[in-house]
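Since the structure comes first, as structure tokens, the remarks are kept for the end.
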Amino acid sequence: MMLNRNTHDTILELNMARPPVNALNMELIKALHQQIDLAMADGFDAIIISGQPEIFSAGLDVPKLLGFNRQQMVEFWIEFMSLLKCIALSPIPIVAAITGHSPAGGAVIALPCDYRIMAHGIEKGPYKIGLNEVQVGLVVPPVIYQSLVRLTGERQAAQLVVEGLLIDSEKALACGMVDELQDTKDVIEGALKWCHRHLSLPRQAMLKTRAMARKSLMESYSGADYFNVEDFVEHWFHDSTQTVLQMLVERLGKH
């Protein structure tokens, strides 16, 4: 079981639990997508996506994906982008409870959520978040970049993605990438408080205003080319990209 369902009255917490770092493989992505759809069908009023203490998600499961052929990679990318679209177009609020480090794909999942609460860090130092794809030889897809622009503004987003920066929680709060910081033990409670505060508002007015406020995000995920499948897969299998990713996996294997 790599996804725990924790029910808080009419709020459903989907807790990623794939040790050691909640790496996003096909199974975890499909489980998240399925459970978000089920939450809506079951009448939940809000959703929280959480991780484990010290780690939200380390991003895509690169060691696994390097073994994929082109067709498998196409199928994976479509599934991942479908999950993001599901979050972006959700008719009910979704909060990211970022319980620790959240690089690359972990940050990507948080971007289309309504609100992002991140843990400060631990004695070893602050937790970090960011779209560090460039650092590992990948290109940030346009729809994901636009999701970041929506939160931080164009200038800040450009600086973050072009260098592939991982920034600490305080900087993430300052630039708008996350909305609130809490101690690790209080992140889920903070997410619940945000949900309760919004769900206590007149429902129709809140949801219609929310939809208006998220219009640009929803439109970016509604275009025919938002998947960007061909470009992503072509770049993934480029020799230079494969070399950098293989080096990454070798470094991970030494830890």
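Simple scheme: letters A, B, ... for chains in structure tokens order, numbers from 1 for residues in each chain, numbers from 1 for ligands in the order shown.
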
>> Among segment 16-80 of chain A, which residues does DSSP mark as strand (DSSP E) when it is run on the backbone? Keep the chain and numbering as in the structure and answer as a PyMOL selection string.
In response: chain A and resi 16+46-50+54-55

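Near Gly125 of chain A, within 12 Å and counting only C-alpha atoms, sit Glu54, Gly100, His101, Ala119, His120, Ile167, Asp168, Ser169 and Glu170 of chain A; same-chain residues fewer than 5 positions away were not included.
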
Save out the residues we just selected, C-alpha atoms, as a CSV table (one decimal), in the first residue's frame.
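This went into out-v9.csv:
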```csv
chain,number,residue,atom,x,y,z
A,54,GLU,CA,11.1,15.0,6.2
A,100,GLY,CA,9.5,17.8,4.0
A,101,HIS,CA,11.8,18.1,1.0
A,119,ALA,CA,7.3,22.3,7.0
A,120,HIS,CA,10.1,24.6,8.1
A,167,ILE,CA,15.2,26.9,-2.4
A,168,ASP,CA,14.7,26.5,1.3
A,169,SER,CA,11.2,26.9,2.9
A,170,GLU,CA,11.7,30.5,4.0
```

Which residues in segment 134-168 of chain A does DSSP call alpha helix (DSSP H)? List them as a short mmCIF file (atom, residue, chain, number, x, y, z; two decimals) with C-alpha atoms, in the first residue's frame.
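Contents of the output file selection23.cif:
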```
data_model
loop_
_atom_site.label_atom_id
_atom_site.label_comp_id
_atom_site.auth_asym_id
_atom_site.auth_seq_id
_atom_site.Cartn_x
_atom_site.Cartn_y
_atom_site.Cartn_z
CA PRO A 142 5.27 24.98 -20.40
CA VAL A 143 2.08 24.20 -18.46
CA ILE A 144 4.10 23.47 -15.31
CA TYR A 145 6.14 26.64 -15.78
CA GLN A 146 2.93 28.66 -16.11
CA SER A 147 1.64 27.10 -12.88
CA LEU A 148 4.75 28.46 -11.15
CA VAL A 149 4.41 31.88 -12.82
CA ARG A 150 0.88 32.08 -11.43
CA LEU A 151 2.31 31.81 -7.91
CA THR A 152 5.58 33.71 -8.06
CA GLU A 154 7.34 35.81 -14.32
CA ARG A 155 10.70 37.18 -13.20
CA GLN A 156 10.99 34.99 -10.12
CA ALA A 157 9.74 31.89 -11.94
CA ALA A 158 12.27 32.37 -14.72
CA GLN A 159 15.15 32.62 -12.25
CA LEU A 160 14.01 29.49 -10.43
CA VAL A 161 13.52 27.22 -13.44
CA VAL A 162 16.38 28.32 -15.70
CA GLU A 163 18.92 27.52 -12.96
#
```

>> Just checking: using only C-alpha atoms, which residue out of A:Cys175, A:Leu217, A:Ala97, A:Val233 ends up closest to Asn69 of chain A?
In response: A:Val233

So that I can see what lies close to Ala88 of chain A, please list as a JSON list (two decimals) with C-alpha atoms, in the first residue's frame the residues with an atom at most 9 Å from it, counting only C-alpha atoms and leaving out residues fewer than 4 positions away in the same chain.
```json
[["chain", "number", "residue", "atom", "x", "y", "z"],
["A", 83, "LEU", "CA", -2.98, 13.65, -12.46],
["A", 84, "LEU", "CA", -1.92, 17.30, -12.63],
["A", 94, "ILE", "CA", -7.01, 20.59, -2.66],
["A", 111, "LEU", "CA", 1.75, 23.80, -7.83],
["A", 112, "PRO", "CA", -1.85, 23.29, -9.07],
["A", 113, "CYS", "CA", -3.22, 22.83, -5.54],
["A", 114, "ASP", "CA", -5.27, 25.61, -3.92],
["A", 214, "ARG", "CA", -8.31, 29.61, -10.82],
["A", 217, "LEU", "CA", -4.75, 27.63, -14.30],
["A", 218, "MET", "CA", -7.74, 25.62, -15.47],
["A", 221, "TYR", "CA", -4.65, 22.49, -18.46]]
```

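Proximity to Arg5 of chain A was assessed for A:Met118, A:Met247, A:Ile36, A:Leu89 counting only C-alpha atoms; the smallest distance is recorded for A:Ile36.
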
Long-range neighbours of Gly164 of chain A as a PDB file with C-alpha atoms, in the first residue's frame, 10 Å cut-off, only C-alpha atoms, 2 positions minimum in chain:
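Produced file selection-v7.pdb, reproduced below:
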```
ATOM      1  CA  PRO A 103      12.131  18.656  -5.387  1.00  0.00           C
ATOM      2  CA  ALA A 104      11.058  18.332  -9.030  1.00  0.00           C
ATOM      3  CA  GLY A 130      11.910  23.635  -6.381  1.00  0.00           C
ATOM      4  CA  LEU A 131      11.760  22.714 -10.038  1.00  0.00           C
ATOM      5  CA  ASN A 132      15.332  21.474 -10.368  1.00  0.00           C
ATOM      6  CA  GLU A 133      14.724  19.681 -13.666  1.00  0.00           C
ATOM      7  CA  VAL A 134      17.457  21.612 -15.505  1.00  0.00           C
ATOM      8  CA  GLN A 135      19.996  20.370 -12.956  1.00  0.00           C
ATOM      9  CA  VAL A 136      19.254  16.783 -14.023  1.00  0.00           C
ATOM     10  CA  GLY A 137      19.069  17.496 -17.736  1.00  0.00           C
ATOM     11  CA  LEU A 138      15.310  17.908 -18.161  1.00  0.00           C
ATOM     12  CA  VAL A 139      13.140  20.738 -19.448  1.00  0.00           C
ATOM     13  CA  VAL A 140      10.210  22.084 -17.419  1.00  0.00           C
ATOM     14  CA  ALA A 158      12.270  32.373 -14.724  1.00  0.00           C
ATOM     15  CA  GLN A 159      15.146  32.623 -12.254  1.00  0.00           C
ATOM     16  CA  LEU A 160      14.011  29.494 -10.434  1.00  0.00           C
ATOM     17  CA  VAL A 161      13.517  27.219 -13.440  1.00  0.00           C
ATOM     18  CA  VAL A 162      16.379  28.318 -15.703  1.00  0.00           C
ATOM     19  CA  LEU A 166      16.085  24.228  -4.964  1.00  0.00           C
ATOM     20  CA  ILE A 167      15.210  26.876  -2.384  1.00  0.00           C
TER      21      ILE A 167
END
```

>> Let me make sure I understand: among A:Leu248, A:Leu60, A:Ile48, A:Ile92, which one has the smallest atom-to-atom distance to Gln204 of chain A if we use only C-alpha atoms?
In response: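 Looking at the shortest contact to Gln204 of chain A, the residue is A:Ile92.
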
Residues of segment 8-117 of chain A within 9 Å of segment 192-202 of chain A: nearest atom pair and distance (Å, one decimal) for each, counting only C-alpha atoms, sorted by chain and number, as CSV?
```
residue,atom,partner,partner_atom,distance
A:His8,CA,A:Leu192,CA,8.2
A:Ile11,CA,A:Cys195,CA,7.7
A:Asp45,CA,A:Leu199,CA,7.5
A:Ala46,CA,A:Cys195,CA,6.6
A:Ile47,CA,A:Cys195,CA,8.3
A:Ile48,CA,A:Leu192,CA,7.9
A:Pro93,CA,A:Cys195,CA,7.6
A:Ile94,CA,A:Cys195,CA,8.5
A:Val95,CA,A:Cys195,CA,7.8
A:Tyr115,CA,A:Trp194,CA,8.3
```

> Taking into account only C-alpha atoms, which residue in the set A:Asp42, A:Asp37, A:Asp186, A:Asp61 is nearest to Leu24 of chain A?
Replying inline: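 Of A:Asp42, A:Asp37, A:Asp186, A:Asp61, the one nearest Leu24 of chain A, counting only C-alpha atoms, is A:Asp61.
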
>> For a quick check of understanding, using only C-alpha atoms, which of A:Cys86, A:Met212, A:Leu165, A:Ala31 has the smallest distance to Ala107 of chain A?
In response: A:Leu165

> Counting only C-alpha atoms, what is within 12 Å of Ile78 of chain A, bar same-chain residues fewer than 2 positions away, as a count of residues only?
Replying inline: 23

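When only C-alpha atoms are used to compute distances to Gln246 of chain A, the closest of the residues A:Lys124, A:Lys64, A:Arg116, A:Lys215 turns out to be A:Lys64.
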
> How far is it from atom CA of Gly121 of chain A to atom CA of Lys185 of chain A, in Å with one decimal?
Replying inline: 10.7 Å
